[in-house]
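For reference, upload37.pdb (PDB, C-alpha atoms):
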ATOM      1  CA  MET A   1     -27.868 -15.360   0.850  1.00  0.00           C
ATOM      2  CA  THR A   2     -28.367 -11.617   1.130  1.00  0.00           C
ATOM      3  CA  TRP A   3     -26.146  -9.028  -0.497  1.00  0.00           C
ATOM      4  CA  ARG A   4     -24.650  -8.137   2.908  1.00  0.00           C
ATOM      5  CA  TYR A   5     -23.317 -11.653   3.464  1.00  0.00           C
ATOM      6  CA  ARG A   6     -21.870 -11.777  -0.035  1.00  0.00           C
ATOM      7  CA  HIS A   7     -20.074  -8.475   0.660  1.00  0.00           C
ATOM      8  CA  ASP A   8     -18.771  -9.729   3.996  1.00  0.00           C
ATOM      9  CA  ALA A   9     -17.224 -12.766   2.303  1.00  0.00           C
ATOM     10  CA  ALA A  10     -15.791 -10.593  -0.468  1.00  0.00           C
ATOM     11  CA  ILE A  11     -14.315  -8.179   2.090  1.00  0.00           C
ATOM     12  CA  ASP A  12     -12.781 -11.098   4.004  1.00  0.00           C
ATOM     13  CA  ALA A  13     -11.109 -12.238   0.783  1.00  0.00           C
ATOM     14  CA  VAL A  14      -9.475  -8.808   0.299  1.00  0.00           C
ATOM     15  CA  ILE A  15      -8.040  -8.518   3.826  1.00  0.00           C
ATOM     16  CA  PRO A  16      -4.695 -10.257   3.057  1.00  0.00           C
ATOM     17  CA  ALA A  17      -4.113  -7.882   0.123  1.00  0.00           C
ATOM     18  CA  LEU A  18      -5.052  -4.886   2.287  1.00  0.00           C
ATOM     19  CA  ARG A  19      -2.572  -6.030   4.929  1.00  0.00           C
ATOM     20  CA  ARG A  20       0.221  -6.382   2.355  1.00  0.00           C
ATOM     21  CA  PHE A  21      -0.498  -2.920   0.961  1.00  0.00           C
ATOM     22  CA  ALA A  22      -0.730  -1.339   4.420  1.00  0.00           C
ATOM     23  CA  TYR A  23       2.554  -2.930   5.484  1.00  0.00           C
ATOM     24  CA  GLY A  24       4.207  -1.720   2.300  1.00  0.00           C
ATOM     25  CA  LEU A  25       3.061   1.817   3.057  1.00  0.00           C
ATOM     26  CA  THR A  26       3.823   1.892   6.789  1.00  0.00           C
ATOM     27  CA  ARG A  27       6.713  -0.598   7.012  1.00  0.00           C
ATOM     28  CA  ASN A  28       5.440  -1.532  10.477  1.00  0.00           C
ATOM     29  CA  GLN A  29       3.199  -4.522  11.119  1.00  0.00           C
ATOM     30  CA  HIS A  30       1.335  -2.972  14.060  1.00  0.00           C
ATOM     31  CA  ALA A  31       0.683   0.280  12.209  1.00  0.00           C
ATOM     32  CA  ALA A  32      -0.403  -1.709   9.148  1.00  0.00           C
ATOM     33  CA  ASP A  33      -2.851  -3.766  11.198  1.00  0.00           C
ATOM     34  CA  ASP A  34      -4.283  -0.571  12.715  1.00  0.00           C
ATOM     35  CA  LEU A  35      -4.615   0.971   9.262  1.00  0.00           C
ATOM     36  CA  VAL A  36      -6.456  -2.090   7.920  1.00  0.00           C
ATOM     37  CA  GLN A  37      -8.735  -2.132  10.959  1.00  0.00           C
ATOM     38  CA  ASP A  38      -9.578   1.561  10.475  1.00  0.00           C
ATOM     39  CA  CYS A  39     -10.226   0.949   6.784  1.00  0.00           C
ATOM     40  CA  LEU A  40     -12.552  -1.974   7.462  1.00  0.00           C
ATOM     41  CA  LEU A  41     -14.375  -0.092  10.200  1.00  0.00           C
ATOM     42  CA  GLN A  42     -14.958   2.815   7.841  1.00  0.00           C
ATOM     43  CA  ALA A  43     -16.089   0.485   5.054  1.00  0.00           C
ATOM     44  CA  LEU A  44     -18.436  -1.543   7.223  1.00  0.00           C
ATOM     45  CA  THR A  45     -20.004   1.456   8.940  1.00  0.00           C
ATOM     46  CA  ALA A  46     -20.477   3.325   5.674  1.00  0.00           C
ATOM     47  CA  THR A  47     -23.694   2.966   3.792  1.00  0.00           C
ATOM     48  CA  LEU A  48     -22.378   0.054   1.803  1.00  0.00           C
ATOM     49  CA  PRO A  49     -23.679   0.406  -1.717  1.00  0.00           C
ATOM     50  CA  LEU A  50     -24.435  -2.709  -3.648  1.00  0.00           C
ATOM     51  CA  ARG A  51     -21.141  -3.272  -5.431  1.00  0.00           C
ATOM     52  CA  ARG A  52     -19.918  -5.919  -7.739  1.00  0.00           C
ATOM     53  CA  GLU A  53     -17.106  -7.880  -6.131  1.00  0.00           C
ATOM     54  CA  ALA A  54     -14.761  -6.560  -8.846  1.00  0.00           C
ATOM     55  CA  SER A  55     -15.318  -2.978  -7.673  1.00  0.00           C
ATOM     56  CA  LEU A  56     -15.129  -3.802  -3.955  1.00  0.00           C
ATOM     57  CA  LYS A  57     -11.342  -4.331  -3.856  1.00  0.00           C
ATOM     58  CA  PRO A  58     -10.426  -0.954  -5.432  1.00  0.00           C
ATOM     59  CA  TRP A  59     -12.960   0.757  -3.140  1.00  0.00           C
ATOM     60  CA  LEU A  60     -11.345  -0.776  -0.032  1.00  0.00           C
ATOM     61  CA  PHE A  61      -7.841   0.021  -1.275  1.00  0.00           C
ATOM     62  CA  SER A  62      -8.949   3.604  -1.865  1.00  0.00           C
ATOM     63  CA  ILE A  63     -10.285   3.894   1.701  1.00  0.00           C
ATOM     64  CA  LEU A  64      -7.049   2.466   3.113  1.00  0.00           C
ATOM     65  CA  TYR A  65      -4.789   4.693   1.014  1.00  0.00           C
ATOM     66  CA  ARG A  66      -6.739   7.857   1.777  1.00  0.00           C
ATOM     67  CA  ARG A  67      -6.647   7.008   5.475  1.00  0.00           C
ATOM     68  CA  PHE A  68      -2.869   6.500   5.278  1.00  0.00           C
ATOM     69  CA  VAL A  69      -2.358   9.854   3.520  1.00  0.00           C
ATOM     70  CA  SER A  70      -4.677  11.628   5.956  1.00  0.00           C
ATOM     71  CA  ASP A  71      -2.901  10.178   9.010  1.00  0.00           C
ATOM     72  CA  HIS A  72       0.505  11.042   7.539  1.00  0.00           C
ATOM     73  CA  ARG A  73      -0.479  14.641   6.765  1.00  0.00           C
ATOM     74  CA  ARG A  74      -2.023  15.100  10.211  1.00  0.00           C
ATOM     75  CA  ALA A  75       1.195  13.909  11.883  1.00  0.00           C
ATOM     76  CA  VAL A  76       3.328  16.222   9.745  1.00  0.00           C
ATOM     77  CA  ARG A  77       1.044  19.208  10.538  1.00  0.00           C
ATOM     78  CA  ARG A  78       1.481  18.515  14.229  1.00  0.00           C
ATOM     79  CA  GLY A  79       5.188  18.963  13.746  1.00  0.00           C
ATOM     80  CA  GLY A  80       6.160  15.369  14.236  1.00  0.00           C
ATOM     81  CA  GLU A  81       6.900  12.388  12.180  1.00  0.00           C
ATOM     82  CA  THR A  82       4.328   9.735  11.534  1.00  0.00           C
ATOM     83  CA  SER A  83       4.028   6.991  14.080  1.00  0.00           C
ATOM     84  CA  TYR A  84       5.196   4.590  11.400  1.00  0.00           C
ATOM     85  CA  GLN A  85       8.643   3.383  12.274  1.00  0.00           C
ATOM     86  CA  GLU A  86      10.579   1.224   9.892  1.00  0.00           C
ATOM     87  CA  GLU A  87      10.508  -2.358  11.034  1.00  0.00           C
ATOM     88  CA  VAL A  88      12.846  -4.321   8.794  1.00  0.00           C
ATOM     89  CA  HIS A  89      14.130  -7.541  10.267  1.00  0.00           C
ATOM     90  CA  ALA A  90      16.654  -9.822   8.657  1.00  0.00           C
ATOM     91  CA  PRO A  91      15.380 -13.334   9.204  1.00  0.00           C
ATOM     92  CA  PRO A  92      18.104 -15.858   9.909  1.00  0.00           C
ATOM     93  CA  SER A  93      18.966 -17.880   6.848  1.00  0.00           C
ATOM     94  CA  PRO A  94      21.015 -20.999   6.298  1.00  0.00           C
ATOM     95  CA  PRO A  95      24.311 -20.527   4.451  1.00  0.00           C
ATOM     96  CA  GLY A  96      23.832 -20.344   0.709  1.00  0.00           C
ATOM     97  CA  HIS A  97      20.203 -19.236   0.875  1.00  0.00           C
ATOM     98  CA  ASP A  98      19.911 -15.735  -0.535  1.00  0.00           C
ATOM     99  CA  ALA A  99      16.106 -15.394  -0.778  1.00  0.00           C
ATOM    100  CA  PRO A 100      15.552 -14.017   2.756  1.00  0.00           C
ATOM    101  CA  LEU A 101      18.388 -11.528   2.293  1.00  0.00           C
ATOM    102  CA  LEU A 102      17.034 -10.422  -1.066  1.00  0.00           C
ATOM    103  CA  ARG A 103      13.584 -10.010   0.468  1.00  0.00           C
ATOM    104  CA  ARG A 104      15.050  -7.921   3.300  1.00  0.00           C
ATOM    105  CA  ASP A 105      16.967  -5.768   0.806  1.00  0.00           C
ATOM    106  CA  LEU A 106      13.852  -5.316  -1.330  1.00  0.00           C
ATOM    107  CA  VAL A 107      11.767  -4.203   1.667  1.00  0.00           C
ATOM    108  CA  ALA A 108      14.519  -1.775   2.696  1.00  0.00           C
ATOM    109  CA  ALA A 109      14.821  -0.423  -0.869  1.00  0.00           C
ATOM    110  CA  LEU A 110      11.039   0.008  -1.160  1.00  0.00           C
ATOM    111  CA  ALA A 111      11.088   1.948   2.114  1.00  0.00           C
ATOM    112  CA  GLN A 112      13.499   4.461   0.565  1.00  0.00           C
ATOM    113  CA  LEU A 113      11.183   5.295  -2.333  1.00  0.00           C
ATOM    114  CA  PRO A 114       8.895   8.314  -2.179  1.00  0.00           C
ATOM    115  CA  GLU A 115       5.461   7.276  -0.902  1.00  0.00           C
ATOM    116  CA  GLU A 116       3.804   7.995  -4.274  1.00  0.00           C
ATOM    117  CA  GLN A 117       6.134   5.614  -6.123  1.00  0.00           C
ATOM    118  CA  ARG A 118       6.038   2.968  -3.386  1.00  0.00           C
ATOM    119  CA  ALA A 119       2.228   2.935  -3.368  1.00  0.00           C
ATOM    120  CA  LEU A 120       2.076   2.444  -7.127  1.00  0.00           C
ATOM    121  CA  LEU A 121       4.692  -0.309  -7.139  1.00  0.00           C
ATOM    122  CA  LEU A 122       2.719  -2.127  -4.459  1.00  0.00           C
ATOM    123  CA  LEU A 123      -0.639  -1.667  -6.196  1.00  0.00           C
ATOM    124  CA  VAL A 124       0.523  -2.598  -9.701  1.00  0.00           C
ATOM    125  CA  GLY A 125       3.449  -4.901  -8.997  1.00  0.00           C
ATOM    126  CA  VAL A 126       2.263  -6.796  -5.936  1.00  0.00           C
ATOM    127  CA  GLU A 127      -1.518  -6.534  -6.026  1.00  0.00           C
ATOM    128  CA  GLU A 128      -1.653  -6.743  -9.850  1.00  0.00           C
ATOM    129  CA  MET A 129      -4.000  -3.777 -10.125  1.00  0.00           C
ATOM    130  CA  SER A 130      -4.424  -2.295 -13.592  1.00  0.00           C
ATOM    131  CA  TYR A 131      -2.928   1.110 -14.364  1.00  0.00           C
ATOM    132  CA  ARG A 132      -6.459   2.487 -14.780  1.00  0.00           C
ATOM    133  CA  ASP A 133      -7.623   1.140 -11.406  1.00  0.00           C
ATOM    134  CA  ALA A 134      -4.481   2.463  -9.688  1.00  0.00           C
ATOM    135  CA  ALA A 135      -4.995   5.876 -11.320  1.00  0.00           C
ATOM    136  CA  ASP A 136      -8.622   5.963 -10.198  1.00  0.00           C
ATOM    137  CA  LEU A 137      -7.737   4.824  -6.682  1.00  0.00           C
ATOM    138  CA  LEU A 138      -5.047   7.485  -6.254  1.00  0.00           C
ATOM    139  CA  GLY A 139      -6.961  10.179  -8.132  1.00  0.00           C
ATOM    140  CA  ILE A 140      -4.191  10.830 -10.659  1.00  0.00           C
ATOM    141  CA  PRO A 141      -3.992  10.654 -14.464  1.00  0.00           C
ATOM    142  CA  ILE A 142      -2.891   7.366 -16.021  1.00  0.00           C
ATOM    143  CA  GLY A 143       0.151   9.104 -17.535  1.00  0.00           C
ATOM    144  CA  THR A 144       1.281  10.035 -14.026  1.00  0.00           C
ATOM    145  CA  VAL A 145       0.876   6.390 -12.997  1.00  0.00           C
ATOM    146  CA  MET A 146       3.101   5.301 -15.863  1.00  0.00           C
ATOM    147  CA  SER A 147       5.817   7.905 -15.182  1.00  0.00           C
ATOM    148  CA  ARG A 148       5.859   7.267 -11.406  1.00  0.00           C
ATOM    149  CA  LEU A 149       6.051   3.528 -12.013  1.00  0.00           C
ATOM    150  CA  ALA A 150       8.928   3.966 -14.452  1.00  0.00           C
ATOM    151  CA  ARG A 151      10.850   6.169 -11.997  1.00  0.00           C
ATOM    152  CA  GLY A 152      10.017   3.882  -9.084  1.00  0.00           C
ATOM    153  CA  ARG A 153      11.134   0.741 -10.903  1.00  0.00           C
ATOM    154  CA  SER A 154      14.329   2.405 -12.080  1.00  0.00           C
ATOM    155  CA  THR A 155      15.156   3.680  -8.600  1.00  0.00           C
ATOM    156  CA  LEU A 156      14.306   0.337  -7.010  1.00  0.00           C
ATOM    157  CA  ARG A 157      16.547  -1.469  -9.509  1.00  0.00           C
ATOM    158  CA  SER A 158      19.412   0.933  -8.748  1.00  0.00           C
ATOM    159  CA  LEU A 159      18.979   0.520  -5.003  1.00  0.00           C
ATOM    160  CA  MET A 160      18.926  -3.275  -5.317  1.00  0.00           C
ATOM    161  CA  GLU A 161      22.177  -3.075  -7.305  1.00  0.00           C
ATOM    162  CA  GLY A 162      23.740  -1.080  -4.476  1.00  0.00           C
ATOM    163  CA  ARG A 163      23.958   2.237  -6.298  1.00  0.00           C
ATOM    164  CA  VAL A 164      23.368   5.466  -4.389  1.00  0.00           C
ATOM    165  CA  VAL A 165      20.334   7.240  -5.800  1.00  0.00           C
ATOM    166  CA  PRO A 166      19.447  10.856  -5.012  1.00  0.00           C
ATOM    167  CA  MET A 167      15.800  10.876  -3.945  1.00  0.00           C
ATOM    168  CA  ARG A 168      13.336  13.418  -5.227  1.00  0.00           C
ATOM    169  CA  ARG A 169      10.776  14.715  -2.762  1.00  0.00           C
ATOM    170  CA  HIS A 170       7.748  14.049  -4.984  1.00  0.00           C
ATOM    171  CA  GLY A 171       7.253  10.991  -7.152  1.00  0.00           C
TER     172      GLY A 171
END
Just give me the structure as structure tokens.
Amino acid sequence: MTWRYRHDAAIDAVIPALRRFAYGLTRNQHAADDLVQDCLLQALTATLPLRREASLKPWLFSILYRRFVSDHRRAVRRGGETSYQEEVHAPPSPPGHDAPLLRRDLVAALAQLPEEQRALLLLVGVEEMSYRDAADLLGIPIGTVMSRLARGRSTLRSLMEGRVVPMRRHG
């Protein structure tokens, strides 16, 4: 098996995590799928260096996140909002089953967080990325990761408890 085939299999294994992260950023399944497709296209058409599988996931996440930020900034410069529209659906649930409602509330609360905090909560909390890897991926100091995570978790907890939280512009 050549290195290219090993990378293809490793990339395939990361796609579900990329889709979760993209959806968490965009809050829209179609926009998330487009973002993942753009990320993979960029990764596969790049001169793919020989990477250990352990370094492949952060590299792909970095491509996806930078693409998201770039698209967002371009839309704001053009005077409009991003094409990402919140898409939060409350799935029907049988009486007495709170899990779907909690999940809906969590997605809605995450959507209210500043993008910088939301990205870190998704990377560290959902994708189980280390603080160091998240710092490297986002290009910020590890202390900033820790403070943004602390603020993000605190705000998310308050929102889930139904408290009104004034949002800061930057995380």
Identify all residues satisfying the PyMOL selection byres ((chain A and resi 33) around 12) in the given file; provide them as a PyMOL selection string.
chain A and resi 15-32+34-40+64+68+84
What would the file look like if the residues just selected were written as a JSON list (two decimals), in the coordinates of the input with C-alpha atoms?
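Just written: selection_19.json:
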[["chain", "number", "residue", "atom", "x", "y", "z"],
["A", 15, "ILE", "CA", -8.04, -8.52, 3.83],
["A", 16, "PRO", "CA", -4.70, -10.26, 3.06],
["A", 17, "ALA", "CA", -4.11, -7.88, 0.12],
["A", 18, "LEU", "CA", -5.05, -4.89, 2.29],
["A", 19, "ARG", "CA", -2.57, -6.03, 4.93],
["A", 20, "ARG", "CA", 0.22, -6.38, 2.36],
["A", 21, "PHE", "CA", -0.50, -2.92, 0.96],
["A", 22, "ALA", "CA", -0.73, -1.34, 4.42],
["A", 23, "TYR", "CA", 2.55, -2.93, 5.48],
["A", 24, "GLY", "CA", 4.21, -1.72, 2.30],
["A", 25, "LEU", "CA", 3.06, 1.82, 3.06],
["A", 26, "THR", "CA", 3.82, 1.89, 6.79],
["A", 27, "ARG", "CA", 6.71, -0.60, 7.01],
["A", 28, "ASN", "CA", 5.44, -1.53, 10.48],
["A", 29, "GLN", "CA", 3.20, -4.52, 11.12],
["A", 30, "HIS", "CA", 1.34, -2.97, 14.06],
["A", 31, "ALA", "CA", 0.68, 0.28, 12.21],
["A", 32, "ALA", "CA", -0.40, -1.71, 9.15],
["A", 34, "ASP", "CA", -4.28, -0.57, 12.72],
["A", 35, "LEU", "CA", -4.62, 0.97, 9.26],
["A", 36, "VAL", "CA", -6.46, -2.09, 7.92],
["A", 37, "GLN", "CA", -8.74, -2.13, 10.96],
["A", 38, "ASP", "CA", -9.58, 1.56, 10.48],
["A", 39, "CYS", "CA", -10.23, 0.95, 6.78],
["A", 40, "LEU", "CA", -12.55, -1.97, 7.46],
["A", 64, "LEU", "CA", -7.05, 2.47, 3.11],
["A", 68, "PHE", "CA", -2.87, 6.50, 5.28],
["A", 84, "TYR", "CA", 5.20, 4.59, 11.40]]
Might you pull out every residue within 9 Å of A:Ala109, with all atoms listed in the file counted and same-chain residues fewer than 6 positions away left off, and present them as JSON, numbers by chain?
{"A": [155, 156, 157, 159, 160]}
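The set of residues that the PyMOL selection byres ((chain A and resi 123) around 10) takes from this file is A:Ala17, A:Arg20, A:Phe21, A:Gly24, A:Pro58, A:Phe61, A:Gln117, A:Arg118, A:Ala119, A:Leu120, A:Leu121, A:Leu122, A:Val124, A:Gly125, A:Val126, A:Glu127, A:Glu128, A:Met129, A:Ser130, A:Tyr131, A:Asp133, A:Ala134, A:Leu137.
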Work out where the centre of an axis-aligned box around every listed atom of stretch 128-146 of chain A lies and how long its edges are once 5 Å is added on each side; give both in Å to one decimal as lines of an AutoDock Vina configuration file.
center_x = -2.8
center_y = 2.0
center_z = -11.9
size_x = 21.7
size_y = 27.6
size_z = 21.3
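Our summary of the geometry notes that atom CA of A:Arg77 is positioned 25.8 Å from atom CA of A:Leu60.
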For A:Val107, find every residue with an atom within 9 Å (counting only C-alpha atoms), except residues of its own chain fewer than 4 positions away, and show them as a PyMOL selection string.
chain A and resi 24+27+88+102-103+111-112
One-decimal distance in Å that lies between atom CA of A:Ala135 and atom CA of A:Thr45
25.6 Å
How many Å lie between atom CA of A:Gly139 and atom CA of A:Leu106, rounded to one decimal?
26.8 Å
Fewer than 5 positions away in the same chain doesn't count, so skip those; otherwise give me all residues within 10 Å of A:Ser147, counting all atoms listed in the file, as a list in words.
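Listing them by chain and then by number gives Gln117, Ile142, Gly152, Arg153 and Gly171 of chain A.
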